file structure_11.cif (mmCIF, C-alpha atoms (C1' of nucleotides))
data_query
#
loop_
_atom_site.group_PDB
_atom_site.id
_atom_site.type_symbol
_atom_site.label_atom_id
_atom_site.label_comp_id
_atom_site.auth_asym_id
_atom_site.auth_seq_id
_atom_site.Cartn_x
_atom_site.Cartn_y
_atom_site.Cartn_z
ATOM 1 C CA MET A 1 163.237 -86.707 -108.956
ATOM 2 C CA SER A 2 160.070 -85.961 -109.028
ATOM 3 C CA ASN A 3 157.696 -83.668 -107.500
ATOM 4 C CA ARG A 4 157.836 -82.162 -110.937
ATOM 5 C CA SER A 5 154.622 -80.354 -111.742
ATOM 6 C CA ALA A 6 153.081 -80.871 -115.147
ATOM 7 C CA ILE A 7 154.027 -77.322 -116.033
ATOM 8 C CA ASP A 8 157.683 -78.283 -115.778
ATOM 9 C CA GLU A 9 157.085 -80.751 -118.574
ATOM 10 C CA ALA A 10 154.616 -78.573 -120.431
ATOM 11 C CA LYS A 11 157.099 -75.838 -121.011
ATOM 12 C CA LYS A 12 159.631 -78.074 -122.687
ATOM 13 C CA GLY A 13 160.207 -76.758 -126.143
ATOM 14 C CA SER A 14 158.379 -73.511 -125.429
ATOM 15 C CA ALA A 15 161.521 -71.477 -124.690
ATOM 16 C CA GLU A 16 162.152 -70.838 -128.373
ATOM 17 C CA VAL A 17 158.788 -69.335 -129.248
ATOM 18 C CA VAL A 18 158.762 -67.373 -125.987
ATOM 19 C CA ILE A 19 162.200 -65.817 -126.517
ATOM 20 C CA LEU A 20 161.492 -64.986 -130.155
ATOM 21 C CA ALA A 21 158.225 -63.315 -129.153
ATOM 22 C CA VAL A 22 159.861 -61.307 -126.350
ATOM 23 C CA ILE A 23 162.420 -59.755 -128.722
ATOM 24 C CA GLU A 24 159.966 -59.429 -131.598
ATOM 25 C CA GLN A 25 159.420 -55.688 -131.035
ATOM 26 C CA GLU A 26 162.648 -54.602 -129.337
ATOM 27 C CA SER A 27 166.002 -56.136 -128.480
ATOM 28 C CA HIS A 28 166.757 -57.291 -124.938
ATOM 29 C CA HIS A 29 169.714 -58.881 -123.176
ATOM 30 C CA GLY A 30 169.603 -62.362 -121.626
ATOM 31 C CA TYR A 31 169.001 -61.493 -118.013
ATOM 32 C CA GLU A 32 166.283 -59.037 -119.030
ATOM 33 C CA ILE A 33 164.546 -61.649 -121.188
ATOM 34 C CA ALA A 34 164.375 -64.019 -118.214
ATOM 35 C CA LYS A 35 162.856 -61.321 -116.000
ATOM 36 C CA LEU A 36 160.346 -60.285 -118.693
ATOM 37 C CA ILE A 37 159.128 -63.864 -119.127
ATOM 38 C CA GLU A 38 158.513 -64.188 -115.410
ATOM 39 C CA LEU A 39 156.908 -60.748 -115.169
ATOM 40 C CA ARG A 40 154.624 -61.004 -118.190
ATOM 41 C CA THR A 41 153.291 -64.431 -117.228
ATOM 42 C CA ASP A 42 152.767 -63.440 -113.582
ATOM 43 C CA GLY A 43 155.339 -66.020 -112.577
ATOM 44 C CA SER A 44 153.563 -68.899 -114.321
ATOM 45 C CA LEU A 45 156.450 -69.446 -116.675
ATOM 46 C CA THR A 46 160.103 -69.201 -115.675
ATOM 47 C CA PHE A 47 163.397 -70.468 -117.049
ATOM 48 C CA THR A 48 166.658 -70.791 -115.181
ATOM 49 C CA LEU A 49 169.324 -68.411 -116.414
ATOM 50 C CA ALA A 50 171.657 -71.264 -117.348
ATOM 51 C CA SER A 51 168.991 -72.784 -119.552
ATOM 52 C CA LEU A 52 168.000 -69.434 -121.020
ATOM 53 C CA TYR A 53 171.534 -68.502 -122.067
ATOM 54 C CA ALA A 54 172.031 -71.923 -123.614
ATOM 55 C CA THR A 55 168.860 -71.416 -125.641
ATOM 56 C CA LEU A 56 170.022 -67.972 -126.797
ATOM 57 C CA TYR A 57 173.297 -69.431 -128.096
ATOM 58 C CA ARG A 58 171.372 -72.155 -129.887
ATOM 59 C CA LEU A 59 168.995 -69.677 -131.518
ATOM 60 C CA GLU A 60 171.924 -67.514 -132.600
ATOM 61 C CA ASP A 61 173.693 -70.552 -134.087
ATOM 62 C CA ARG A 62 170.585 -71.189 -136.161
ATOM 63 C CA GLY A 63 170.516 -67.590 -137.338
ATOM 64 C CA TRP A 64 167.144 -66.783 -135.775
ATOM 65 C CA ILE A 65 168.507 -64.078 -133.460
ATOM 66 C CA ARG A 66 171.606 -61.864 -133.440
ATOM 67 C CA GLY A 67 173.514 -60.653 -130.378
ATOM 68 C CA ARG A 68 175.361 -57.337 -130.054
ATOM 69 C CA TRP A 69 177.678 -56.594 -127.113
ATOM 70 C CA VAL A 70 177.168 -53.252 -125.380
ATOM 71 C CA GLU A 71 179.509 -51.802 -122.752
ATOM 72 C CA LYS A 72 178.460 -48.767 -120.776
ATOM 73 C CA ALA A 73 180.152 -47.016 -117.850
ATOM 74 C CA GLY A 74 178.570 -48.054 -114.565
ATOM 75 C CA GLN A 75 177.188 -51.264 -116.072
ATOM 76 C CA ARG A 76 178.354 -54.777 -116.660
ATOM 77 C CA ARG A 77 178.742 -55.750 -120.310
ATOM 78 C CA ARG A 78 175.502 -56.982 -121.810
ATOM 79 C CA CYS A 79 174.644 -58.828 -124.995
ATOM 80 C CA TYR A 80 171.488 -57.475 -126.604
ATOM 81 C CA TYR A 81 169.642 -59.864 -128.894
ATOM 82 C CA ARG A 82 167.379 -58.904 -131.759
ATOM 83 C CA ILE A 83 165.323 -61.145 -134.003
ATOM 84 C CA THR A 84 166.441 -61.775 -137.605
ATOM 85 C CA ASP A 85 164.258 -62.070 -140.717
ATOM 86 C CA ALA A 86 164.682 -65.838 -140.550
ATOM 87 C CA GLY A 87 163.685 -65.676 -136.893
ATOM 88 C CA ARG A 88 160.451 -63.850 -137.734
ATOM 89 C CA LYS A 89 159.482 -66.586 -140.165
ATOM 90 C CA VAL A 90 160.215 -69.230 -137.555
ATOM 91 C CA LEU A 91 158.191 -67.305 -134.968
ATOM 92 C CA THR A 92 155.159 -67.189 -137.266
ATOM 93 C CA GLN A 93 155.429 -70.915 -137.924
ATOM 94 C CA GLN A 94 155.925 -71.778 -134.266
ATOM 95 C CA ARG A 95 152.897 -69.723 -133.249
ATOM 96 C CA GLU A 96 150.816 -71.755 -135.701
ATOM 97 C CA ASP A 97 152.280 -75.040 -134.478
ATOM 98 C CA TRP A 98 151.658 -74.206 -130.828
ATOM 99 C CA SER A 99 148.163 -73.006 -131.596
ATOM 100 C CA ARG A 100 147.374 -76.288 -133.322
ATOM 101 C CA PHE A 101 148.859 -78.214 -130.427
ATOM 102 C CA VAL A 102 146.781 -76.279 -127.900
ATOM 103 C CA ALA A 103 143.645 -76.934 -129.939
ATOM 104 C CA ALA A 104 144.482 -80.649 -130.009
ATOM 105 C CA LEU A 105 145.045 -80.680 -126.268
ATOM 106 C CA GLY A 106 141.647 -79.068 -125.777
ATOM 107 C CA GLN A 107 139.965 -81.722 -127.924
ATOM 108 C CA ILE A 108 141.657 -84.776 -126.517
ATOM 109 C CA ALA A 109 142.287 -83.833 -122.894
ATOM 110 C CA GLY A 110 139.740 -81.128 -122.162
ATOM 111 C CA VAL A 111 142.428 -78.547 -121.437
ATOM 112 C CA LYS A 112 140.793 -75.160 -121.721
ATOM 113 C CA TYR A 113 142.291 -71.810 -122.549
ATOM 114 C CA ALA A 114 141.543 -70.001 -119.299
ATOM 115 C CA MET B 1 168.675 -83.430 -136.593
ATOM 116 C CA SER B 2 166.364 -81.276 -137.097
ATOM 117 C CA ASN B 3 163.555 -80.377 -139.276
ATOM 118 C CA ARG B 4 161.666 -80.949 -136.063
ATOM 119 C CA SER B 5 158.500 -78.930 -136.014
ATOM 120 C CA ALA B 6 157.679 -76.980 -132.887
ATOM 121 C CA ILE B 7 154.837 -79.394 -132.238
ATOM 122 C CA ASP B 8 157.369 -82.180 -131.745
ATOM 123 C CA GLU B 9 158.762 -80.235 -128.822
ATOM 124 C CA ALA B 10 155.423 -78.863 -127.704
ATOM 125 C CA LYS B 11 153.996 -82.236 -127.015
ATOM 126 C CA LYS B 12 156.793 -83.271 -124.683
ATOM 127 C CA GLY B 13 155.253 -83.912 -121.347
ATOM 128 C CA SER B 14 151.718 -83.908 -122.714
ATOM 129 C CA ALA B 15 151.468 -87.696 -123.088
ATOM 130 C CA GLU B 16 150.531 -88.136 -119.436
ATOM 131 C CA VAL B 17 147.538 -85.823 -119.374
ATOM 132 C CA VAL B 18 146.419 -87.086 -122.790
ATOM 133 C CA ILE B 19 146.511 -90.774 -121.803
ATOM 134 C CA LEU B 20 144.792 -90.139 -118.475
ATOM 135 C CA ALA B 21 142.040 -88.201 -120.253
ATOM 136 C CA VAL B 22 141.531 -90.901 -122.894
ATOM 137 C CA ILE B 23 140.920 -93.596 -120.274
ATOM 138 C CA GLU B 24 138.977 -91.285 -117.960
ATOM 139 C CA GLN B 25 135.578 -92.673 -119.017
ATOM 140 C CA GLU B 26 136.418 -96.198 -120.189
ATOM 141 C CA SER B 27 139.433 -98.476 -120.225
ATOM 142 C CA HIS B 28 141.442 -98.989 -123.405
ATOM 143 C CA HIS B 29 144.504 -100.985 -124.403
ATOM 144 C CA GLY B 30 147.766 -99.390 -125.554
ATOM 145 C CA TYR B 31 147.397 -99.709 -129.293
ATOM 146 C CA GLU B 32 143.834 -98.406 -129.076
ATOM 147 C CA ILE B 33 144.912 -95.385 -127.020
ATOM 148 C CA ALA B 34 147.458 -94.441 -129.685
ATOM 149 C CA LYS B 35 144.811 -94.667 -132.424
ATOM 150 C CA LEU B 36 142.281 -92.675 -130.380
ATOM 151 C CA ILE B 37 144.749 -89.851 -129.801
ATOM 152 C CA GLU B 38 145.442 -89.572 -133.509
ATOM 153 C CA LEU B 39 141.762 -89.848 -134.418
ATOM 154 C CA ARG B 40 140.400 -87.397 -131.860
ATOM 155 C CA THR B 41 142.946 -84.703 -132.697
ATOM 156 C CA ASP B 42 142.507 -85.138 -136.455
ATOM 157 C CA GLY B 43 146.115 -86.259 -136.683
ATOM 158 C CA SER B 44 147.509 -83.143 -134.997
ATOM 159 C CA LEU B 45 148.863 -85.134 -132.090
ATOM 160 C CA THR B 46 150.483 -88.548 -132.410
ATOM 161 C CA PHE B 47 152.823 -90.646 -130.303
ATOM 162 C CA THR B 48 154.942 -93.540 -131.467
ATOM 163 C CA LEU B 49 153.882 -96.868 -130.018
ATOM 164 C CA ALA B 50 157.258 -97.370 -128.353
ATOM 165 C CA SER B 51 156.944 -94.092 -126.518
ATOM 166 C CA LEU B 52 153.302 -94.700 -125.653
ATOM 167 C CA TYR B 53 153.916 -98.112 -124.079
ATOM 168 C CA ALA B 54 156.839 -96.723 -122.096
ATOM 169 C CA THR B 55 154.574 -93.981 -120.765
ATOM 170 C CA LEU B 56 151.886 -96.511 -119.813
ATOM 171 C CA TYR B 57 154.402 -98.527 -117.766
ATOM 172 C CA ARG B 58 155.560 -95.330 -116.067
ATOM 173 C CA LEU B 59 152.006 -94.282 -115.202
ATOM 174 C CA GLU B 60 151.278 -97.740 -113.847
ATOM 175 C CA ASP B 61 154.454 -97.668 -111.729
ATOM 176 C CA ARG B 62 153.216 -94.426 -110.217
ATOM 177 C CA GLY B 63 149.837 -95.960 -109.481
ATOM 178 C CA TRP B 64 147.889 -93.570 -111.710
ATOM 179 C CA ILE B 65 146.582 -96.318 -114.017
ATOM 180 C CA ARG B 66 146.059 -100.065 -113.685
ATOM 181 C CA GLY B 67 146.450 -102.659 -116.457
ATOM 182 C CA ARG B 68 144.460 -105.880 -116.787
ATOM 183 C CA TRP B 69 145.408 -108.582 -119.296
ATOM 184 C CA VAL B 70 142.608 -109.937 -121.430
ATOM 185 C CA GLU B 71 142.910 -112.951 -123.703
ATOM 186 C CA LYS B 72 140.135 -113.746 -126.123
ATOM 187 C CA ALA B 73 139.948 -116.389 -128.836
ATOM 188 C CA GLY B 74 140.672 -114.907 -132.233
ATOM 189 C CA GLN B 75 142.571 -111.963 -130.694
ATOM 190 C CA ARG B 76 146.066 -111.191 -129.577
ATOM 191 C CA ARG B 77 146.437 -110.665 -125.846
ATOM 192 C CA ARG B 78 145.733 -107.091 -124.838
ATOM 193 C CA CYS B 79 146.367 -105.095 -121.695
ATOM 194 C CA TYR B 80 143.444 -102.826 -120.860
ATOM 195 C CA TYR B 81 144.273 -99.819 -118.709
ATOM 196 C CA ARG B 82 141.866 -98.000 -116.444
ATOM 197 C CA ILE B 83 142.476 -94.876 -114.401
ATOM 198 C CA THR B 84 142.857 -95.152 -110.612
ATOM 199 C CA ASP B 85 141.552 -92.745 -107.984
ATOM 200 C CA ALA B 86 145.054 -91.341 -107.613
ATOM 201 C CA GLY B 87 145.132 -90.966 -111.402
ATOM 202 C CA ARG B 88 141.924 -88.929 -111.377
ATOM 203 C CA LYS B 89 143.423 -86.500 -108.895
ATOM 204 C CA VAL B 90 146.546 -86.174 -111.014
ATOM 205 C CA LEU B 91 144.428 -85.629 -114.130
ATOM 206 C CA THR B 92 142.534 -82.771 -112.470
ATOM 207 C CA GLN B 93 145.791 -81.165 -111.366
ATOM 208 C CA GLN B 94 147.450 -81.607 -114.743
ATOM 209 C CA ARG B 95 144.492 -80.047 -116.545
ATOM 210 C CA GLU B 96 144.879 -76.997 -114.303
ATOM 211 C CA ASP B 97 148.644 -76.869 -114.858
ATOM 212 C CA TRP B 98 148.315 -77.135 -118.610
ATOM 213 C CA SER B 99 145.560 -74.549 -118.660
ATOM 214 C CA ARG B 100 147.765 -72.140 -116.757
ATOM 215 C CA PHE B 101 150.659 -72.854 -119.083
ATOM 216 C CA VAL B 102 148.502 -72.233 -122.168
ATOM 217 C CA ALA B 103 147.288 -68.948 -120.674
ATOM 218 C CA ALA B 104 150.903 -67.926 -120.020
ATOM 219 C CA LEU B 105 151.883 -68.819 -123.563
ATOM 220 C CA GLY B 106 149.042 -66.660 -124.867
ATOM 221 C CA GLN B 107 150.217 -63.717 -122.776
ATOM 222 C CA ILE B 108 153.915 -63.923 -123.490
ATOM 223 C CA ALA B 109 154.039 -65.300 -127.031
ATOM 224 C CA GLY B 110 150.660 -64.439 -128.493
ATOM 225 C CA VAL B 111 149.726 -68.077 -129.003
ATOM 226 C CA LYS B 112 145.962 -68.222 -129.365
ATOM 227 C CA TYR B 113 143.573 -71.047 -128.679
ATOM 228 C CA ALA B 114 142.247 -71.569 -132.207
ATOM 229 C "C1'" DA C 1 185.205 -50.928 -94.966
ATOM 230 C "C1'" DT C 2 182.898 -54.872 -95.727
ATOM 231 C "C1'" DC C 3 178.985 -57.917 -96.465
ATOM 232 C "C1'" DC C 4 175.043 -59.030 -99.006
ATOM 233 C "C1'" DT C 5 171.953 -58.893 -102.755
ATOM 234 C "C1'" DA C 6 170.792 -58.054 -107.450
ATOM 235 C "C1'" DT C 7 172.685 -57.888 -111.815
ATOM 236 C "C1'" DA C 8 174.976 -60.372 -115.816
ATOM 237 C "C1'" DT C 9 177.137 -64.076 -118.297
ATOM 238 C "C1'" DA C 10 179.150 -68.912 -118.828
ATOM 239 C "C1'" DC C 11 179.911 -73.962 -118.759
ATOM 240 C "C1'" DA C 12 179.965 -78.913 -117.081
ATOM 241 C "C1'" DG C 13 177.218 -82.708 -115.973
ATOM 242 C "C1'" DG C 14 172.821 -84.916 -115.502
ATOM 243 C "C1'" DA C 15 167.691 -86.042 -115.827
ATOM 244 C "C1'" DG C 16 163.731 -87.225 -118.398
ATOM 245 C "C1'" DA C 17 160.452 -87.703 -122.303
ATOM 246 C "C1'" DG C 18 159.806 -89.027 -126.685
ATOM 247 C "C1'" DC C 19 162.315 -90.797 -130.832
ATOM 248 C "C1'" DT C 20 164.176 -94.634 -134.219
ATOM 249 C "C1'" DA C 21 165.193 -99.259 -134.847
ATOM 250 C "C1'" DT C 22 164.330 -103.770 -133.965
ATOM 251 C "C1'" DA C 23 161.994 -107.936 -132.299
ATOM 252 C "C1'" DT C 24 158.084 -110.983 -131.573
ATOM 253 C "C1'" DA C 25 153.459 -112.682 -132.581
ATOM 254 C "C1'" DT C 26 148.432 -113.091 -134.377
ATOM 255 C "C1'" DC C 27 144.763 -112.365 -137.673
ATOM 256 C "C1'" DA C 28 142.385 -110.996 -142.046
ATOM 257 C "C1'" DA C 29 142.647 -110.245 -146.884
ATOM 258 C "C1'" DG C 30 144.494 -110.819 -151.400
ATOM 259 C "C1'" DC D 1 151.381 -117.644 -148.406
ATOM 260 C "C1'" DT D 2 152.658 -113.231 -148.392
ATOM 261 C "C1'" DT D 3 151.368 -108.729 -147.048
ATOM 262 C "C1'" DG D 4 149.394 -105.393 -143.916
ATOM 263 C "C1'" DA D 5 147.017 -104.178 -139.693
ATOM 264 C "C1'" DT D 6 146.977 -105.373 -135.013
ATOM 265 C "C1'" DA D 7 149.498 -105.711 -130.414
ATOM 266 C "C1'" DT D 8 153.276 -105.519 -127.208
ATOM 267 C "C1'" DA D 9 158.286 -104.967 -125.839
ATOM 268 C "C1'" DT D 10 163.249 -103.358 -125.359
ATOM 269 C "C1'" DA D 11 167.791 -100.991 -126.404
ATOM 270 C "C1'" DG D 12 169.949 -96.935 -127.511
ATOM 271 C "C1'" DC D 13 169.737 -92.094 -128.993
ATOM 272 C "C1'" DT D 14 168.568 -87.002 -129.132
ATOM 273 C "C1'" DC D 15 167.114 -82.854 -127.367
ATOM 274 C "C1'" DT D 16 165.711 -79.562 -123.906
ATOM 275 C "C1'" DC D 17 165.820 -78.047 -119.575
ATOM 276 C "C1'" DC D 18 167.794 -78.769 -115.007
ATOM 277 C "C1'" DT D 19 171.347 -78.188 -110.874
ATOM 278 C "C1'" DG D 20 175.685 -76.812 -109.514
ATOM 279 C "C1'" DT D 21 179.447 -73.977 -109.995
ATOM 280 C "C1'" DA D 22 182.261 -70.028 -111.509
ATOM 281 C "C1'" DT D 23 183.231 -65.210 -112.545
ATOM 282 C "C1'" DA D 24 182.423 -60.267 -112.074
ATOM 283 C "C1'" DT D 25 180.256 -55.483 -111.145
ATOM 284 C "C1'" DA D 26 177.021 -52.144 -108.785
ATOM 285 C "C1'" DG D 27 174.426 -50.498 -104.891
ATOM 286 C "C1'" DG D 28 172.671 -50.645 -100.303
ATOM 287 C "C1'" DA D 29 172.926 -52.124 -95.504
ATOM 288 C "C1'" DT D 30 175.482 -53.137 -91.252
#
call {"tool": "encode", "arguments": {"input": "structure_11.cif", "output": "structure tokens"}}
result
Amino acid sequence: MSNRSAIDEAKKGSAEVVILAVIEQESHHGYEIAKLIELRTDGSLTFTLASLYATLYRLEDRGWIRGRWVEKAGQRRRCYYRITDAGRKVLTQQREDWSRFVAALGQIAGVKYA
Amino acid sequence: MSNRSAIDEAKKGSAEVVILAVIEQESHHGYEIAKLIELRTDGSLTFTLASLYATLYRLEDRGWIRGRWVEKAGQRRRCYYRITDAGRKVLTQQREDWSRFVAALGQIAGVKYA
DNA sequence: ATCCTATATACAGGAGAGCTATATATCAAG
DNA sequence: CTTGATATATAGCTCTCCTGTATATAGGAT
């Protein structure tokens, strides 16, 4: 109920490509991934932690990412995720799909890449 | 289940801005809107008729579009939708929201506007 | 010392958009 | 006269993200 901004709807389905891209170069744990998304998009794009963790489990189930538990003194246990070979292929494909979608949205709705 | 392409998820939430944009200049009926979307995006973006009609009813409920039934000899009855003043404001806002989202997706995930 | 915030993960229940499947009905073409 | 394109409509489902809640540790403030 429903002062939902369009961006709330826009981002649906984008969590996968975003997470895969964030851990493309180096592994990160869940909480860190959430913070990085917010930081790197200047707050334009955010996901709730509950939703983010759920997405991580889903991606791991599909074999696109792999988690590794790390316990250090003076720190809570953290699960670091890295991308798999299968995940890299999916990331490449999803970048193409999103790019095509964005182009279509520009054509049909006049949405410009600012 | 689930050879869903990323574009299937991407487009979630985009129907509103797309429909509003299609009827921005001139009114169209539902079936025609569906065909125009497919045509103008070279088939990149499509919506099922069931989903499109449901979205039209939703937009009308919100007062963003207005339907007018037209019956002509030699034609099935058609409901032509035009955008309302409220709809134009929403369209402007949604274009901004989507633009911001696309910019964020470029920053965080390297998705480029082809 | 104790409270509060940030850190860190986890799960149950629900909302909402688009999907498939199905139904109805008209018109043009073969 | 059957098929396909046109045109609208509804029921039920899936999937993703949401809110709300729970647990637990570290560090700073009162």
call {"tool": "residues_around", "arguments": {"input": "structure_11.cif", "residues": "Gly106 (chain A)", "least_positions_apart": "5", "cutoff": "12 Å", "atoms": "all atoms listed in the file", "output": "PDB file with C-alpha atoms, in the frame of the given file"}}
result
ATOM      1  CA  SER A  99     148.163 -73.006-131.596  1.00  0.00           C
ATOM      2  CA  ARG A 100     147.374 -76.288-133.322  1.00  0.00           C
ATOM      3  CA  PHE A 101     148.859 -78.214-130.427  1.00  0.00           C
ATOM      4  CA  VAL A 111     142.428 -78.547-121.437  1.00  0.00           C
ATOM      5  CA  LYS A 112     140.793 -75.160-121.721  1.00  0.00           C
ATOM      6  CA  TYR A 113     142.291 -71.810-122.549  1.00  0.00           C
ATOM      7  CA  ALA A 114     141.543 -70.001-119.299  1.00  0.00           C
TER       8      ALA A 114
ATOM      9  CA  SER B  14     151.718 -83.908-122.714  1.00  0.00           C
ATOM     10  CA  VAL B  17     147.538 -85.823-119.374  1.00  0.00           C
ATOM     11  CA  VAL B  18     146.419 -87.086-122.790  1.00  0.00           C
ATOM     12  CA  ALA B  21     142.040 -88.201-120.253  1.00  0.00           C
ATOM     13  CA  ILE B  37     144.749 -89.851-129.801  1.00  0.00           C
ATOM     14  CA  ARG B  40     140.400 -87.397-131.860  1.00  0.00           C
ATOM     15  CA  THR B  41     142.946 -84.703-132.697  1.00  0.00           C
ATOM     16  CA  SER B  44     147.509 -83.143-134.997  1.00  0.00           C
ATOM     17  CA  LEU B  45     148.863 -85.134-132.090  1.00  0.00           C
ATOM     18  CA  ARG B  95     144.492 -80.047-116.545  1.00  0.00           C
ATOM     19  CA  TRP B  98     148.315 -77.135-118.610  1.00  0.00           C
ATOM     20  CA  SER B  99     145.560 -74.549-118.660  1.00  0.00           C
ATOM     21  CA  VAL B 102     148.502 -72.233-122.168  1.00  0.00           C
ATOM     22  CA  TYR B 113     143.573 -71.047-128.679  1.00  0.00           C
ATOM     23  CA  ALA B 114     142.247 -71.569-132.207  1.00  0.00           C
TER      24      ALA B 114
END
call {"tool": "calpha_fit_and_write", "arguments": {"input": "structure_11.cif", "fixed": "chain B", "moving": "chain A", "output": "compact mmCIF listing (two decimals) with C-alpha atoms, in the coordinates of the input"}}
result
# COMPACT_ATOMS: atom_id res chain seq x y z
CA MET A 1 168.48 -83.74 -136.44
CA SER A 2 166.38 -81.32 -137.04
CA ASN A 3 163.59 -80.52 -139.23
CA ARG A 4 161.71 -80.96 -136.01
CA SER A 5 158.53 -78.93 -136.02
CA ALA A 6 157.66 -76.95 -132.93
CA ILE A 7 154.82 -79.36 -132.28
CA ASP A 8 157.36 -82.13 -131.74
CA GLU A 9 158.73 -80.11 -128.85
CA ALA A 10 155.37 -78.78 -127.74
CA LYS A 11 154.00 -82.18 -127.01
CA LYS A 12 156.78 -83.14 -124.65
CA GLY A 13 155.26 -83.88 -121.32
CA SER A 14 151.73 -83.91 -122.71
CA ALA A 15 151.51 -87.70 -123.07
CA GLU A 16 150.56 -88.13 -119.42
CA VAL A 17 147.57 -85.82 -119.36
CA VAL A 18 146.44 -87.10 -122.77
CA ILE A 19 146.54 -90.77 -121.78
CA LEU A 20 144.82 -90.14 -118.45
CA ALA A 21 142.07 -88.20 -120.22
CA VAL A 22 141.58 -90.90 -122.87
CA ILE A 23 140.94 -93.60 -120.25
CA GLU A 24 139.02 -91.29 -117.93
CA GLN A 25 135.61 -92.65 -119.00
CA GLU A 26 136.43 -96.18 -120.17
CA SER A 27 139.44 -98.47 -120.21
CA HIS A 28 141.45 -98.98 -123.40
CA HIS A 29 144.49 -101.01 -124.40
CA GLY A 30 147.77 -99.43 -125.55
CA TYR A 31 147.40 -99.73 -129.29
CA GLU A 32 143.85 -98.41 -129.07
CA ILE A 33 144.94 -95.41 -127.00
CA ALA A 34 147.48 -94.47 -129.68
CA LYS A 35 144.85 -94.68 -132.42
CA LEU A 36 142.31 -92.67 -130.37
CA ILE A 37 144.81 -89.86 -129.78
CA GLU A 38 145.50 -89.59 -133.49
CA LEU A 39 141.82 -89.85 -134.40
CA ARG A 40 140.45 -87.40 -131.85
CA THR A 41 143.02 -84.71 -132.66
CA ASP A 42 142.59 -85.14 -136.43
CA GLY A 43 146.19 -86.27 -136.65
CA SER A 44 147.58 -83.16 -134.96
CA LEU A 45 148.92 -85.15 -132.06
CA THR A 46 150.54 -88.57 -132.38
CA PHE A 47 152.88 -90.68 -130.29
CA THR A 48 154.98 -93.58 -131.47
CA LEU A 49 153.88 -96.90 -130.03
CA ALA A 50 157.26 -97.48 -128.37
CA SER A 51 156.97 -94.18 -126.55
CA LEU A 52 153.33 -94.74 -125.67
CA TYR A 53 153.92 -98.15 -124.09
CA ALA A 54 156.84 -96.78 -122.11
CA THR A 55 154.60 -94.02 -120.78
CA LEU A 56 151.90 -96.54 -119.81
CA TYR A 57 154.41 -98.56 -117.77
CA ARG A 58 155.59 -95.38 -116.08
CA LEU A 59 152.06 -94.30 -115.20
CA GLU A 60 151.29 -97.76 -113.84
CA ASP A 61 154.47 -97.69 -111.72
CA ARG A 62 153.24 -94.44 -110.21
CA GLY A 63 149.85 -95.96 -109.47
CA TRP A 64 147.91 -93.58 -111.71
CA ILE A 65 146.59 -96.32 -114.01
CA ARG A 66 146.06 -100.07 -113.70
CA GLY A 67 146.43 -102.66 -116.46
CA ARG A 68 144.43 -105.89 -116.80
CA TRP A 69 145.37 -108.59 -119.32
CA VAL A 70 142.54 -109.94 -121.47
CA GLU A 71 142.82 -112.96 -123.76
CA LYS A 72 140.06 -113.72 -126.22
CA ALA A 73 139.83 -116.36 -128.95
CA GLY A 74 140.63 -114.86 -132.34
CA GLN A 75 142.53 -111.95 -130.77
CA ARG A 76 146.02 -111.23 -129.60
CA ARG A 77 146.37 -110.70 -125.85
CA ARG A 78 145.70 -107.11 -124.86
CA CYS A 79 146.34 -105.13 -121.71
CA TYR A 80 143.44 -102.83 -120.87
CA TYR A 81 144.27 -99.83 -118.72
CA ARG A 82 141.88 -97.98 -116.45
CA ILE A 83 142.49 -94.87 -114.40
CA THR A 84 142.88 -95.14 -110.60
CA ASP A 85 141.58 -92.74 -107.94
CA ALA A 86 145.09 -91.34 -107.61
CA GLY A 87 145.17 -90.96 -111.39
CA ARG A 88 141.96 -88.91 -111.37
CA LYS A 89 143.47 -86.49 -108.88
CA VAL A 90 146.59 -86.17 -111.00
CA LEU A 91 144.47 -85.61 -114.11
CA THR A 92 142.57 -82.76 -112.45
CA GLN A 93 145.83 -81.15 -111.35
CA GLN A 94 147.48 -81.59 -114.73
CA ARG A 95 144.51 -80.04 -116.51
CA GLU A 96 144.89 -76.98 -114.29
CA ASP A 97 148.64 -76.83 -114.85
CA TRP A 98 148.31 -77.10 -118.62
CA SER A 99 145.54 -74.53 -118.65
CA ARG A 100 147.73 -72.09 -116.75
CA PHE A 101 150.61 -72.80 -119.09
CA VAL A 102 148.45 -72.19 -122.16
CA ALA A 103 147.23 -68.91 -120.68
CA ALA A 104 150.84 -67.87 -120.05
CA LEU A 105 151.81 -68.77 -123.59
CA GLY A 106 148.96 -66.63 -124.88
CA GLN A 107 150.12 -63.65 -122.81
CA ILE A 108 153.81 -63.84 -123.53
CA ALA A 109 153.94 -65.25 -127.06
CA GLY A 110 150.56 -64.39 -128.54
CA VAL A 111 149.66 -68.05 -129.03
CA LYS A 112 145.91 -68.20 -129.43
CA TYR A 113 143.51 -71.01 -128.71
CA ALA A 114 142.19 -71.58 -132.22
call {"tool": "resolve_selection", "arguments": {"input": "structure_11.cif", "expression": "the PyMOL selection byres ((chain D) within 10 of (chain B))", "output": "PyMOL selection string"}}
result
chain D and resi 6-10+14-16
call {"tool": "atom_distance", "arguments": {"input": "structure_11.cif", "atom1": "CA of Thr46 (chain B)", "atom2": "CA of Leu20 (chain B)"}}
result
15.1 Å
call {"tool": "resolve_selection", "arguments": {"input": "structure_11.cif", "expression": "the PyMOL selection byres ((chain A and resi 57-71) around 6)", "output": "list in words"}}
result
Ala54, Thr55, Leu56, Lys72, Arg77, Arg78, Cys79, Tyr80, Tyr81, Arg82, Ile83, Thr84, Ala86 and Gly87 of chain A
call {"tool": "atom_distance", "arguments": {"input": "structure_11.cif", "atom1": "C1' of DT19 (chain D)", "atom2": "C1' of DG14 (chain C)"}}
result
8.3 Å
call {"tool": "resolve_selection", "arguments": {"input": "structure_11.cif", "expression": "the PyMOL selection byres ((chain D and resi 21) around 9)", "output": "number ranges by chain"}}
result
C: 11-12; D: 20, 22
